[in-house]
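Down below is the structure, laid out as structure tokens.
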Amino acid sequence: MTETELIPALANAPMIQATTQPRLFLAGSLVAQQLLGSQDAELLALSEYAQYLRYMSLVTDRDIWADAQSGFGNALNTYYTVQELARSGAAGIVLNDQRYPAHSQGQAQPVSPVEFFGKLRAAKDALRDESITLIAELDGWTTYGLSGLQERTTQAYKAGADLVLLGHCTELALDQLPASMWQAGLAIQHTATSQTVTQLLKNKFKAVLDLDYFQQLQPKNQLVGRQL
Amino acid sequence: MKKFTQMRQQFRQAVFGEQVVNMVVAPDSLAAKVAQQQGFKAIFAAGYATSASNLAMPDRGIADFGIMLNKCREIVNAVDIPVFADADTGYGDLANVQRTVRNYEAIGAAGLFLEDQTWPKRCGHMAGKSVVPQAEMVAKIKTAAAARRHDDFLIMSRTDARAVYDLDTAIARSKAYHAAGADLVFIEAPRSVAELKQIAAAFPEVPLMANMIEDGATPLLSSSELQQLGFSIVVHPTALTYAQTYADEQVLHELATQGTTSQSKAAMVTFDRFNQFVGLDQVNQLEARYAPEQMLIEMQK
């Protein structure tokens with residue numbers, strides 16, 4: 001079992017420079033927070049987020065995973081969304097199965113399995129020969145349960161996803177997940193509330209996207225600021 | 001900003017005035033400046049032309065909020081006549097509609113329209129459209145009207161229900177949208193003069209817009225004909241896009257095959273005339289005003 005990789009979620013250049021992690025996640029909710037004062041991710045349009053990503057991708061040579069949200073519409077929009085994120089410097093693209101607009105707040109409303117399959121297939125087609133990781137983010141655990149999660153994981157890999165990411169699953173009893181799902185490879189979105197769970201199951205995940213990474217660091221940064 | 005206030009007031013007066021407001025969609029700020037020079041009283045910034053000029057793509061919901069807003073901002077900044085905006089579906093749910101209205105108001109648009117299509121949308125004269133339930137659109141119009149900071153920032157409702165259902169449904173929906181707070185009404189793609197008359201008869205008190213799209217579903221009428229029918233606003237969304245493409249083809253054919261522009265040159269605007277049109281003299285004068293010699297004089301005063 002390889003060690004779980006910690007991927008910090010971040011939203012600006014100083015954050016990129018403050019961590020040495022090899023892979024970074026430009027979280028849509030944090031960018032929305034940065035630009036709009038609201039963590040409402042799909043309040044931001046793709047063109048706005050992609051422009052921001054182009055700035056960030058020139059700050060570092062490390063891999064940045066981009067947040068494709070729900071694809072900003074249907075499979076057609078997803079195709080062009082992924083294409084735009086790819087040419088804006090994304091090394092990985094995270095596509096969630098929420099209904100558009102995906103606001104990432106409260107309970108996520110998932111689209112149907114067939115609609116998400118279509119979006120993933122469109123995303124895969126848009127990436128063509130690019131060596132860009134496609135991450136399927138499954139956010140509807142509370143709606144479709146373990147069986148839905150299993151089915152969507154299988155279908156996500158079939159549609160062309162390189163990795164499945166479990167999101168919005170703070171209450172999830174992850175130890176119930178069957179061995180087959182762990183073997184297929186999973187990442188998880190980490191929030192403060194799910195910290196214990198993720199610690200317990202740390203090395204079963206391929207990666208943890210840490211949405212609170214900089215919230216945890218903030219007190220230290222403030223201390224450094226005072227000393228200066 | 002004072003300019004924005006003036007533009008909103010001008011547009012409101014024009015729309016509620018006696019004369020029909022003849023608007024052209026400008027694919028870019030240069031085209032908008034030409035329209036202003038030719039005496040147009042208002043400009044439209046809209047999806048068909050922006051999808052074409054920014055993306056070279058069809059009007060199918062790929063040009064998003066950011067692209068559309070930025071295009072409108074460029075046009076507002078280039079002219080002094082009011083600019084009305086096509087805001088498609090409001091780019092999401094009610095939270096997006098609110099952000100859309102606040103942003104268009106902030107960049108100085110005179111108003112915007114919201115349509116009841118599903119996302120990704122289609123040009124109103126394309127096949128395969130679908131619409132959201134009426135109540136969903138009513139909520140968007142209410143949200144839009146409540147989100148604006150100025151009452152003279154006009155909200156227009158657009159319905160695409162004529163193609164999906166029938167004209168009666170389109171009229172009934174538009175009445176609900178008007179009751180929800182739409183100042184102006186636009187029923188997209190009526191198919192005959194009789195349908196245009198039916199729309200006008202249904203809204204005797206509300207300013208109506210007609211869309212004159214070359215080769216579209218609606219018969220092409222002149223602005224004065226539409227005014228006589230009872231329409232307050234006419235928009236020409238594709239004329240400049242098609243004309244620009246035509247001009248590009250003509251010039252580039254010669255350039256590609258002959259290696260020169262000597263034939264086309266006769267039809268072109270000249271170097272001097274163009275520089276004058278885009279205000280080279282004013283830019284040069286502005287720079288000269290702050291020249292060191294001038295500033296030394298000011299400093300010694």
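Ordering of the structure tokens sets the chain letters (A, B, ...), residue numbers begin anew at 1 in every chain, and ligands are numbered from 1 in the order given.
The chain B residues that come within 7 Å of chain A are Ile62, Asp64, Phe65, Gly66, Ile67, Gly92, Asp93, Asn96, Trp119 and Pro120 of chain B, with only C-alpha atoms taken into account.
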Residue neighbourhood Met68 of chain B, 9 Å, only C-alpha atoms, exclusion window fewer than 3 positions, as a compact mmCIF listing (two decimals) with N, CA and C atoms, in the first residue's frame:
# COMPACT_ATOMS: atom_id res chain seq x y z
N ALA B 45 -25.78 44.08 -27.22
CA ALA B 45 -24.66 43.14 -27.10
C ALA B 45 -25.27 41.76 -26.91
N ALA B 46 -25.09 40.86 -27.87
CA ALA B 46 -25.88 39.63 -27.81
C ALA B 46 -25.10 38.39 -28.24
N GLY B 47 -25.69 37.25 -27.93
CA GLY B 47 -24.99 35.97 -27.96
C GLY B 47 -24.57 35.46 -29.32
N THR B 50 -21.55 37.51 -30.32
CA THR B 50 -20.41 37.32 -29.42
C THR B 50 -19.84 35.90 -29.57
N SER B 51 -20.72 34.91 -29.70
CA SER B 51 -20.24 33.54 -29.95
C SER B 51 -19.39 33.52 -31.22
N ALA B 63 -20.51 30.45 -25.13
CA ALA B 63 -20.13 31.78 -24.62
C ALA B 63 -20.83 31.95 -23.27
N ASP B 64 -20.06 32.07 -22.21
CA ASP B 64 -20.65 32.05 -20.86
C ASP B 64 -20.76 33.47 -20.29
N PHE B 65 -21.16 33.54 -19.05
CA PHE B 65 -21.34 34.83 -18.37
C PHE B 65 -20.10 35.73 -18.51
N LYS B 71 -17.67 41.30 -23.16
CA LYS B 71 -17.99 41.87 -24.49
C LYS B 71 -18.87 43.11 -24.32
N CYS B 72 -19.87 43.01 -23.48
CA CYS B 72 -20.78 44.13 -23.27
C CYS B 72 -20.03 45.33 -22.69
N ARG B 73 -19.11 45.04 -21.76
CA ARG B 73 -18.33 46.10 -21.12
C ARG B 73 -17.47 46.84 -22.16
N ALA B 85 -28.29 44.42 -23.08
CA ALA B 85 -27.53 43.17 -23.06
C ALA B 85 -28.43 41.93 -23.14
N ASP B 86 -27.95 40.97 -23.86
CA ASP B 86 -28.53 39.63 -23.90
C ASP B 86 -27.87 38.84 -22.78
N ALA B 87 -28.64 38.49 -21.75
CA ALA B 87 -28.07 37.74 -20.62
C ALA B 87 -28.53 36.28 -20.63
_List as a PyMOL selection string the protein and nucleic acid residues near Ile75 of chain B, meaning an atom at most 12 Å away when only C-alpha atoms are counted, but skip any in the same chain fewer than 4 places from it._
chain B and resi 25-36+42-46+50+68-71+79-85+107-110
Please, could you write that set of residues out with N, CA and C atoms as an mmCIF file, in the first residue's frame?
data_model
loop_
_atom_site.group_PDB
_atom_site.id
_atom_site.type_symbol
_atom_site.label_atom_id
_atom_site.label_comp_id
_atom_site.auth_asym_id
_atom_site.auth_seq_id
_atom_site.Cartn_x
_atom_site.Cartn_y
_atom_site.Cartn_z
ATOM 1 N N VAL B 25 -27.133 44.577 -33.234
ATOM 2 C CA VAL B 25 -26.175 43.871 -32.379
ATOM 3 C C VAL B 25 -24.776 44.110 -32.920
ATOM 4 N N ALA B 26 -23.915 44.607 -32.067
ATOM 5 C CA ALA B 26 -22.530 44.869 -32.467
ATOM 6 C C ALA B 26 -21.659 43.681 -32.053
ATOM 7 N N PRO B 27 -20.977 43.068 -33.001
ATOM 8 C CA PRO B 27 -20.094 41.948 -32.641
ATOM 9 C C PRO B 27 -18.893 42.402 -31.809
ATOM 10 N N ASP B 28 -18.555 43.688 -31.890
ATOM 11 C CA ASP B 28 -17.399 44.188 -31.125
ATOM 12 C C ASP B 28 -17.526 45.698 -30.955
ATOM 13 N N SER B 29 -16.595 46.300 -30.231
ATOM 14 C CA SER B 29 -16.721 47.722 -29.936
ATOM 15 C C SER B 29 -16.536 48.586 -31.178
ATOM 16 N N LEU B 30 -15.744 48.121 -32.121
ATOM 17 C CA LEU B 30 -15.569 48.896 -33.359
ATOM 18 C C LEU B 30 -16.891 48.993 -34.117
ATOM 19 N N ALA B 31 -17.572 47.867 -34.257
ATOM 20 C CA ALA B 31 -18.876 47.870 -34.941
ATOM 21 C C ALA B 31 -19.863 48.770 -34.204
ATOM 22 N N ALA B 32 -19.796 48.756 -32.876
ATOM 23 C CA ALA B 32 -20.687 49.603 -32.087
ATOM 24 C C ALA B 32 -20.415 51.074 -32.369
ATOM 25 N N LYS B 33 -19.145 51.405 -32.522
ATOM 26 C CA LYS B 33 -18.779 52.804 -32.799
ATOM 27 C C LYS B 33 -19.267 53.222 -34.187
ATOM 28 N N VAL B 34 -19.198 52.299 -35.142
ATOM 29 C CA VAL B 34 -19.725 52.583 -36.479
ATOM 30 C C VAL B 34 -21.237 52.821 -36.407
ATOM 31 N N ALA B 35 -21.925 51.988 -35.637
ATOM 32 C CA ALA B 35 -23.388 52.139 -35.495
ATOM 33 C C ALA B 35 -23.725 53.494 -34.887
ATOM 34 N N GLN B 36 -22.953 53.893 -33.898
ATOM 35 C CA GLN B 36 -23.174 55.205 -33.280
ATOM 36 C C GLN B 36 -22.980 56.312 -34.309
ATOM 37 N N ALA B 42 -29.195 53.188 -29.980
ATOM 38 C CA ALA B 42 -28.874 52.166 -28.972
ATOM 39 C C ALA B 42 -28.191 50.986 -29.644
ATOM 40 N N ILE B 43 -27.457 50.241 -28.834
ATOM 41 C CA ILE B 43 -26.700 49.073 -29.302
ATOM 42 C C ILE B 43 -27.160 47.870 -28.489
ATOM 43 N N PHE B 44 -27.069 46.716 -29.109
ATOM 44 C CA PHE B 44 -27.375 45.475 -28.412
ATOM 45 C C PHE B 44 -26.086 44.647 -28.373
ATOM 46 N N ALA B 45 -25.784 44.077 -27.219
ATOM 47 C CA ALA B 45 -24.660 43.139 -27.105
ATOM 48 C C ALA B 45 -25.272 41.760 -26.905
ATOM 49 N N ALA B 46 -25.095 40.865 -27.865
ATOM 50 C CA ALA B 46 -25.880 39.629 -27.814
ATOM 51 C C ALA B 46 -25.095 38.395 -28.241
ATOM 52 N N THR B 50 -21.555 37.509 -30.323
ATOM 53 C CA THR B 50 -20.408 37.318 -29.424
ATOM 54 C C THR B 50 -19.839 35.902 -29.570
ATOM 55 N N MET B 68 -19.622 36.994 -22.148
ATOM 56 C CA MET B 68 -20.702 37.908 -22.551
ATOM 57 C C MET B 68 -20.607 39.244 -21.814
ATOM 58 N N LEU B 69 -20.319 39.180 -20.529
ATOM 59 C CA LEU B 69 -20.227 40.408 -19.733
ATOM 60 C C LEU B 69 -19.071 41.276 -20.227
ATOM 61 N N ASN B 70 -17.949 40.628 -20.484
ATOM 62 C CA ASN B 70 -16.777 41.368 -20.913
ATOM 63 C C ASN B 70 -16.995 42.031 -22.272
ATOM 64 N N LYS B 71 -17.673 41.303 -23.164
ATOM 65 C CA LYS B 71 -17.992 41.872 -24.485
ATOM 66 C C LYS B 71 -18.865 43.110 -24.317
ATOM 67 N N VAL B 79 -18.711 53.515 -26.725
ATOM 68 C CA VAL B 79 -19.764 54.381 -27.284
ATOM 69 C C VAL B 79 -20.400 55.231 -26.186
ATOM 70 N N ASP B 80 -21.246 56.169 -26.616
ATOM 71 C CA ASP B 80 -21.990 57.003 -25.669
ATOM 72 C C ASP B 80 -23.483 56.706 -25.701
ATOM 73 N N ILE B 81 -23.908 55.924 -26.691
ATOM 74 C CA ILE B 81 -25.326 55.553 -26.756
ATOM 75 C C ILE B 81 -25.554 54.332 -25.866
ATOM 76 N N PRO B 82 -26.785 54.152 -25.363
ATOM 77 C CA PRO B 82 -27.029 53.041 -24.434
ATOM 78 C C PRO B 82 -26.829 51.662 -25.069
ATOM 79 N N VAL B 83 -26.403 50.723 -24.228
ATOM 80 C CA VAL B 83 -26.153 49.347 -24.670
ATOM 81 C C VAL B 83 -27.029 48.405 -23.857
ATOM 82 N N PHE B 84 -27.847 47.666 -24.550
ATOM 83 C CA PHE B 84 -28.733 46.680 -23.925
ATOM 84 C C PHE B 84 -28.094 45.310 -24.079
ATOM 85 N N ALA B 85 -28.288 44.424 -23.081
ATOM 86 C CA ALA B 85 -27.530 43.168 -23.056
ATOM 87 C C ALA B 85 -28.426 41.934 -23.143
ATOM 88 N N ILE B 107 -21.429 47.403 -15.020
ATOM 89 C CA ILE B 107 -20.579 47.767 -16.167
ATOM 90 C C ILE B 107 -21.249 48.802 -17.048
ATOM 91 N N GLY B 108 -22.469 49.189 -16.718
ATOM 92 C CA GLY B 108 -23.095 50.305 -17.424
ATOM 93 C C GLY B 108 -24.080 49.926 -18.508
ATOM 94 N N ALA B 109 -24.510 48.673 -18.545
ATOM 95 C CA ALA B 109 -25.564 48.298 -19.497
ATOM 96 C C ALA B 109 -26.841 49.041 -19.129
ATOM 97 N N ALA B 110 -27.689 49.259 -20.145
ATOM 98 C CA ALA B 110 -28.948 49.972 -19.913
ATOM 99 C C ALA B 110 -30.038 49.035 -19.427
#
*Select from segment 64-103 of chain B everything DSSP, run on the backbone, classes as alpha helix (DSSP H), then give the selection as an MDAnalysis selection string.*
chainID B and resid 65:78 94:103
